[in-house]
Structure formats: structure tokens, C-alpha cells
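Visitor: Quick one: this structure, given as C-alpha cells, is what I'll be asking you about.
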Amino acid sequence: MECGREYEEAYRCSCGGLLDVVYEGKRSVELKGKGVWRYSSFLPDFKKRISLQEGGTPLYRCDRLSERFGVEMHVKFEGANPTGSFKDRGMTVGISRAFELGKKRVVCASTGNTSASMAAYAAKAGMRALVVLPKGKIAMGKLAQSLFYGAEVFEIDGSFDDAMRIVERYADEGYAYMLNSLNPFRPEGQKTIGFEIAEAIKGIDRVFVPVGNAANIWAIYKGFKEFLEEGLMDNMPRMIGVQAKGAMPVVRAYESGIFRAFDNPETVATAIRIGNPVNAKKALTAIKESDGSAIAVSDEEILEAQRDLAVMEGIGVEPASAASFAGVKKLLAEGSIGKSERIVCVTTGHLLKDPDSVMRVSAQPKSIKSYEELLEYEHQDQCGSPA
Ligand SMILES: [Zn+2]
């Protein structure tokens, strides 16, 4: 993406720059079926697709939140994918590519969701999966998935960024095919989030996306751009990247114009607890070219937004996902979102991914021994009249 050099297969350019998948010839667009492969005319052509029927996730119109905040709020719920996060979209493309190349072993570094997804798709493809994780920093649901789908799991005393360095070297030396989003085939699948949003809603003003390793916001932007080129969409929404205050290298780069890694990233939103996102340049390009912005929210704001989505809309997401809606609330409070704007929040992973973070902030269940005790609680509660 920086020097214009072309490769048949690589993770990075020899200049250190990022790679993008480019298609030759004119596209003949045909949209058929549901999910990621509905958009096969925008995706690489494989002899065999390794798929768990990912994509085709709900896009909810949030009436209660819209009314409360005076905007038109929609939520794209990526938790409804086969392994409970948006990673499955990129993984079906990435693993199909690995299969095409005859790879037997795949590897990734992960904050949890990528490893869960890769483990499942490797199982489906009959490949060996190796994952490297930052020890003690992986939400319970994600670790359970990675282990149970049969991946070999390694923990490192360090951050995601440390794990990423090890995995990149391991892949560069040819021991396994790397399926982190540095692999340019991963964002190809993820751009279908943009396609699905664009097909469902017209005239979107802004799209809010949590930013961790930073490929997803760019992938969604790329999807919008390709739909615009084909006349399947009328306007480019402003892309808003949201990070946690404890891990905000992209926000800092957006504000200062200079990218530097963020030391010792720390946030309750473990899926975006990344100090040195490999795809930062792609995210910044998407933000700049769409006239968007990058903003940071506190852990408190993230947890409050997570609760709002659950109790007002019945949408259960993990903390990192709620960063997108926390970002909406922040811009509303600052007065920088116009009334009646049409907004889409992308929520990236399911509530069940991280039950521990929810239990820490939830009330404990009340013990009762009998029907009478239940009624006692009901009499204390003003809303407890028989329905
Ligand atoms: Zn280059």
C-alpha cells in the first residue's frame, strides 16, 4: 500500500508496508444467498471454500436508544457469527486461502477472538492450529473455545504485541501460515460487514467501530468503497474509530499526526487491549478518507454503554464491542453529532465471550427458599404487581 510493489503471497511488503488484496479485471456483480459468500464477486475465487456459514448477522434498529438520545441508532451484532465474533468473516477467507496453498498448519497471536475463530475453522479444514496468547489476559469464553476446538494454546508473559512479534517470526520462517489480520486475506472477508450494512440501510451518516489491531474499520471502509464504485451505495459514511483510553495509539496518531506504540496497554475491553496495532496505517487511512475521526472512551464509559445495550435493547456484547456505542454517547455529549443523524454501531463480539467482566459489575442472584419468599421480594418492589 506504500511503495506499490506486488506479490502473489506475502504478509508484509519488503519495505515494511502493509498489503492490500487487489482484483484484476472488471467485476461482474452477482449477490446470491446469505452471509459472507453472498459477496463472492467481491472476494477471491477459491476451488474450495472452508465455511461455517458466517456473516448475515442481525442489524438492529434500536428504538429505545434512538428515542433517548435523539439519533437514529442501529447496531450490527457480530456476536451472532459461528464462534461469536466478527473474526469468522475474515477467517473463512483466510483459511480457504491457506487450504488453496496446501498449508497444514496455521498460527495466530490473539487477544482471544481470533484464536477462537481460527481454531474452529482449522478444525473444519483439518489443519493444525497454534495460538499464542498474552497470559491471564484472555476472557474465559474465548480461551475455552480455543482449547475445545482443538488448538494448541501457548501463553506468554507479555502483551498481545509481544505474542504478535513471536507469531510473525514463526510464520516468516515458514513454520505455519499466519492468520492474523496482517494477512491481507482476512480483511477481505471482514469488508462484508460494510456490504451488509449498506444493503440494509441507506444514507448512513456515521459508522462507529471499536479499534484494536485496527484492520476492521479499514475493511468495512473498503467494503463501502467497493459498493460505491459499483453504484450499490450512495454516500460514504464517516468512519469513527473508538479506542479505550488505556490503549489508544490510533487516537493519539489521529490527533498528533505521528504514530507511536502505546506502552503497557490496559483496559477492561481486552479484545482491543493492543498497544502497537499492525494495521494502524489502514485505520488512519479509512478515517481520513471518509472524513471520520478517532476518539477514546474510559473503561467506565465502556461498561455503561455495554449495560445500556443489554438492558435497553436486549443486545449482549463483550466490553470491547460496547466501545462503539460509548463513542456515540461521547460525541453526543460534546454536541458533535447532529440530531436525527443515522448511526450504525458495529459490535464485534458476544456477551458470552467474557462472562467474568459482567459478573463483576452485576448484582448477585437473590436466594429464596419458597414461594412466599419470592412474594416478599415482590412486595418490596414497586413494579411487582401481578401482570
Ligand atoms: Zn512496499
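Numbering starts fresh at 1 for the residues of each chain in the C-alpha cells, the chains themselves are lettered A, B, ... in the order given, and ligands are numbered from 1 as they appear.
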Residues within 12 Å of ligand 1, counting only C-alpha atoms and all ligand atoms: report them as number ranges by chain.
Guide: A: 1-7, 10-20
Visitor: I need the residues from that last selection saved to file as a short mmCIF file (atom, residue, chain, number, x, y, z; two decimals), in the first residue's frame (with C-alpha atoms), if you can.
Guide:
```cif
data_model
loop_
_atom_site.label_atom_id
_atom_site.label_comp_id
_atom_site.auth_asym_id
_atom_site.auth_seq_id
_atom_site.Cartn_x
_atom_site.Cartn_y
_atom_site.Cartn_z
CA MET A 1 0.00 0.00 0.00
CA GLU A 2 3.02 2.31 0.36
CA CYS A 3 5.51 1.51 -2.42
CA GLY A 4 3.21 -0.22 -4.93
CA ARG A 5 5.20 -3.47 -5.13
CA GLU A 6 3.13 -6.57 -5.99
CA TYR A 7 3.20 -10.09 -4.53
CA ALA A 10 3.06 -12.32 1.48
CA TYR A 11 2.15 -10.87 4.87
CA ARG A 12 4.09 -7.65 4.57
CA CYS A 13 5.91 -5.78 1.86
CA SER A 14 9.71 -5.96 1.93
CA CYS A 15 9.62 -2.21 2.62
CA GLY A 16 7.73 -2.99 5.84
CA GLY A 17 4.48 -1.61 4.45
CA LEU A 18 1.03 -3.21 4.58
CA LEU A 19 -0.52 -5.21 1.74
CA ASP A 20 -3.98 -4.99 0.22
#
```
Visitor: I'd like the neighbourhood of Ala219 (chain A) as a ChimeraX atom specification, where a residue qualifies if any of its atoms comes within 12 Å (using only C-alpha atoms), though same-chain residues fewer than 2 positions away should be ignored.
Guide: /A:20-21,86-87,89-90,181-182,184-195,209,211,213-217,221-226,239,279,282-287
Visitor: Go ahead and save the residues from that selection, with N, CA and C atoms, as a CSV table (one decimal), in the first residue's frame.
Guide:
```
chain,number,residue,atom,x,y,z
A,20,ASP,N,-2.5,-5.0,0.5
A,20,ASP,CA,-4.0,-5.0,0.2
A,20,ASP,C,-4.2,-6.0,-0.9
A,21,VAL,N,-5.4,-6.7,-0.9
A,21,VAL,CA,-5.7,-7.6,-2.0
A,21,VAL,C,-6.4,-6.8,-3.1
A,86,PHE,N,-16.9,-11.2,14.9
A,86,PHE,CA,-16.7,-10.8,13.5
A,86,PHE,C,-15.5,-11.5,12.9
A,87,LYS,N,-14.6,-12.1,13.7
A,87,LYS,CA,-13.4,-12.7,13.1
A,87,LYS,C,-13.7,-13.8,12.2
A,89,ARG,N,-15.7,-13.9,9.7
A,89,ARG,CA,-15.8,-13.4,8.3
A,89,ARG,C,-14.5,-13.4,7.6
A,90,GLY,N,-13.4,-12.9,8.3
A,90,GLY,CA,-12.1,-12.9,7.7
A,90,GLY,C,-11.5,-14.3,7.7
A,181,SER,N,-4.7,-10.5,11.2
A,181,SER,CA,-5.3,-9.6,10.2
A,181,SER,C,-4.2,-8.8,9.4
A,182,LEU,N,-2.9,-9.1,9.8
A,182,LEU,CA,-1.8,-8.6,8.9
A,182,LEU,C,-1.9,-9.4,7.6
A,184,PRO,N,-3.4,-10.2,4.4
A,184,PRO,CA,-4.3,-9.3,3.7
A,184,PRO,C,-5.7,-10.0,3.3
A,185,PHE,N,-5.7,-11.3,3.4
A,185,PHE,CA,-6.9,-12.0,3.0
A,185,PHE,C,-8.0,-11.9,4.1
A,186,ARG,N,-7.6,-11.7,5.4
A,186,ARG,CA,-8.5,-11.6,6.5
A,186,ARG,C,-9.5,-10.4,6.3
A,187,PRO,N,-8.9,-9.2,6.1
A,187,PRO,CA,-9.8,-8.0,5.9
A,187,PRO,C,-10.8,-8.2,4.7
A,188,GLU,N,-10.4,-9.0,3.7
A,188,GLU,CA,-11.3,-9.2,2.6
A,188,GLU,C,-12.6,-9.8,3.1
A,189,GLY,N,-12.6,-10.7,4.0
A,189,GLY,CA,-13.9,-11.3,4.5
A,189,GLY,C,-14.6,-10.3,5.4
A,190,GLN,N,-13.8,-9.5,6.1
A,190,GLN,CA,-14.4,-8.5,7.1
A,190,GLN,C,-15.1,-7.4,6.4
A,191,LYS,N,-14.7,-7.1,5.1
A,191,LYS,CA,-15.4,-6.0,4.4
A,191,LYS,C,-16.8,-6.3,4.2
A,192,THR,N,-17.2,-7.6,4.3
A,192,THR,CA,-18.6,-7.9,4.1
A,192,THR,C,-19.6,-7.3,5.1
A,193,ILE,N,-19.0,-6.9,6.3
A,193,ILE,CA,-19.8,-6.2,7.3
A,193,ILE,C,-20.3,-4.9,6.6
A,194,GLY,N,-19.4,-4.2,5.9
A,194,GLY,CA,-19.8,-3.0,5.2
A,194,GLY,C,-20.9,-3.3,4.1
A,195,PHE,N,-20.7,-4.4,3.4
A,195,PHE,CA,-21.7,-4.7,2.4
A,195,PHE,C,-23.1,-4.9,3.0
A,209,VAL,N,-16.8,2.0,15.0
A,209,VAL,CA,-16.1,0.7,15.1
A,209,VAL,C,-15.1,0.7,16.2
A,211,VAL,N,-11.6,-0.1,17.8
A,211,VAL,CA,-10.3,-0.3,17.1
A,211,VAL,C,-9.3,-1.0,18.0
A,213,ASN,N,-6.5,-4.1,16.8
A,213,ASN,CA,-5.4,-4.3,15.8
A,213,ASN,C,-5.6,-3.5,14.5
A,214,ALA,N,-6.8,-2.9,14.5
A,214,ALA,CA,-7.1,-1.8,13.5
A,214,ALA,C,-7.4,-2.2,12.1
A,215,ALA,N,-7.6,-3.5,11.8
A,215,ALA,CA,-7.9,-3.8,10.4
A,215,ALA,C,-9.4,-3.7,10.1
A,216,ASN,N,-10.3,-3.8,11.1
A,216,ASN,CA,-11.7,-3.9,10.8
A,216,ASN,C,-12.3,-2.7,10.3
A,217,ILE,N,-11.9,-1.5,10.9
A,217,ILE,CA,-12.5,-0.3,10.4
A,217,ILE,C,-12.1,0.0,9.0
A,221,TYR,N,-14.6,0.1,5.7
A,221,TYR,CA,-14.4,1.2,4.8
A,221,TYR,C,-14.2,0.7,3.3
A,222,LYS,N,-13.4,-0.3,3.2
A,222,LYS,CA,-13.1,-0.9,1.8
A,222,LYS,C,-14.4,-1.4,1.2
A,223,GLY,N,-15.2,-2.1,2.1
A,223,GLY,CA,-16.4,-2.6,1.6
A,223,GLY,C,-17.3,-1.5,1.0
A,224,PHE,N,-17.4,-0.4,1.8
A,224,PHE,CA,-18.3,0.7,1.4
A,224,PHE,C,-17.7,1.3,0.1
A,225,LYS,N,-16.4,1.4,0.0
A,225,LYS,CA,-15.8,2.0,-1.2
A,225,LYS,C,-16.1,1.1,-2.5
A,226,GLU,N,-16.0,-0.2,-2.3
A,226,GLU,CA,-16.3,-1.1,-3.5
A,226,GLU,C,-17.8,-1.0,-3.9
A,239,MET,N,-16.3,7.3,9.1
A,239,MET,CA,-15.9,6.2,9.9
A,239,MET,C,-15.3,6.7,11.2
A,279,ASN,N,-2.1,-2.8,11.9
A,279,ASN,CA,-2.8,-2.1,10.8
A,279,ASN,C,-3.2,-0.7,11.0
A,282,LYS,N,-3.8,1.5,8.0
A,282,LYS,CA,-5.0,1.3,7.3
A,282,LYS,C,-6.2,2.0,8.0
A,283,ALA,N,-6.2,1.9,9.3
A,283,ALA,CA,-7.3,2.5,10.1
A,283,ALA,C,-7.3,4.0,9.9
A,284,LEU,N,-6.1,4.6,9.9
A,284,LEU,CA,-6.0,6.0,9.8
A,284,LEU,C,-6.4,6.5,8.4
A,285,THR,N,-6.1,5.6,7.4
A,285,THR,CA,-6.5,6.0,6.0
A,285,THR,C,-8.0,6.0,5.9
A,286,ALA,N,-8.6,5.0,6.5
A,286,ALA,CA,-10.1,4.9,6.4
A,286,ALA,C,-10.7,6.1,7.1
A,287,ILE,N,-10.2,6.5,8.2
A,287,ILE,CA,-10.7,7.6,9.0
A,287,ILE,C,-10.6,8.9,8.2
```
Visitor: For Ala305 (chain A), which residue among A:Glu289, A:Ile337, A:Leu65, A:Asn264 is the nearest when counting only C-alpha atoms?
Guide: A:Leu65
Visitor: Counting only C-alpha atoms, figure out which residue out of A:Glu266, A:Glu300, A:Glu378, A:Glu9 gets nearest to Lys137 (chain A).
Guide: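 With only C-alpha atoms as the atom set, the closest residue is A:Glu266.
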Visitor: Contacts of Leu331 (chain A) at 12 Å or less, counting only C-alpha atoms, minus same-chain residues fewer than 5 places along, as a PDB file with C-alpha atoms, in the first residue's frame?
Guide:
```pdb
ATOM      1  CA  PHE A  69     -30.531  10.050  22.542  1.00  0.00           C
ATOM      2  CA  VAL A  71     -30.486   9.990  16.866  1.00  0.00           C
ATOM      3  CA  ARG A 206     -21.594   7.636  10.689  1.00  0.00           C
ATOM      4  CA  PHE A 208     -18.651   3.564  14.842  1.00  0.00           C
ATOM      5  CA  ILE A 240     -15.380   6.732  13.607  1.00  0.00           C
ATOM      6  CA  VAL A 242     -13.170   4.124  19.030  1.00  0.00           C
ATOM      7  CA  SER A 293     -12.389  10.696  13.455  1.00  0.00           C
ATOM      8  CA  ALA A 294     -10.777   8.642  16.201  1.00  0.00           C
ATOM      9  CA  ILE A 295     -11.899   9.010  19.808  1.00  0.00           C
ATOM     10  CA  ALA A 296     -11.103   7.394  23.150  1.00  0.00           C
ATOM     11  CA  VAL A 297     -13.513   6.355  25.904  1.00  0.00           C
ATOM     12  CA  SER A 324     -18.550   1.812  19.657  1.00  0.00           C
ATOM     13  CA  PHE A 325     -21.719   2.868  21.439  1.00  0.00           C
ATOM     14  CA  ALA A 326     -19.708   4.571  24.202  1.00  0.00           C
ATOM     15  CA  SER A 336     -20.664  16.992  17.698  1.00  0.00           C
ATOM     16  CA  ILE A 337     -23.371  14.670  16.354  1.00  0.00           C
ATOM     17  CA  GLY A 338     -26.349  16.346  14.727  1.00  0.00           C
ATOM     18  CA  LYS A 339     -29.865  15.456  15.871  1.00  0.00           C
ATOM     19  CA  GLU A 341     -28.228  11.518  12.360  1.00  0.00           C
ATOM     20  CA  ILE A 343     -25.789   5.943  13.045  1.00  0.00           C
TER      21      ILE A 343
END
```
Visitor: From a DSSP pass on the backbone, collect the residues of region 143-360 of chain A flagged as strand (DSSP E or B) and hand them back as a VMD selection string.
Guide: chain A and resid 152 to 156 177 to 178 206 to 210 238 to 244 247 293 to 297 317 342 to 347 349 to 350
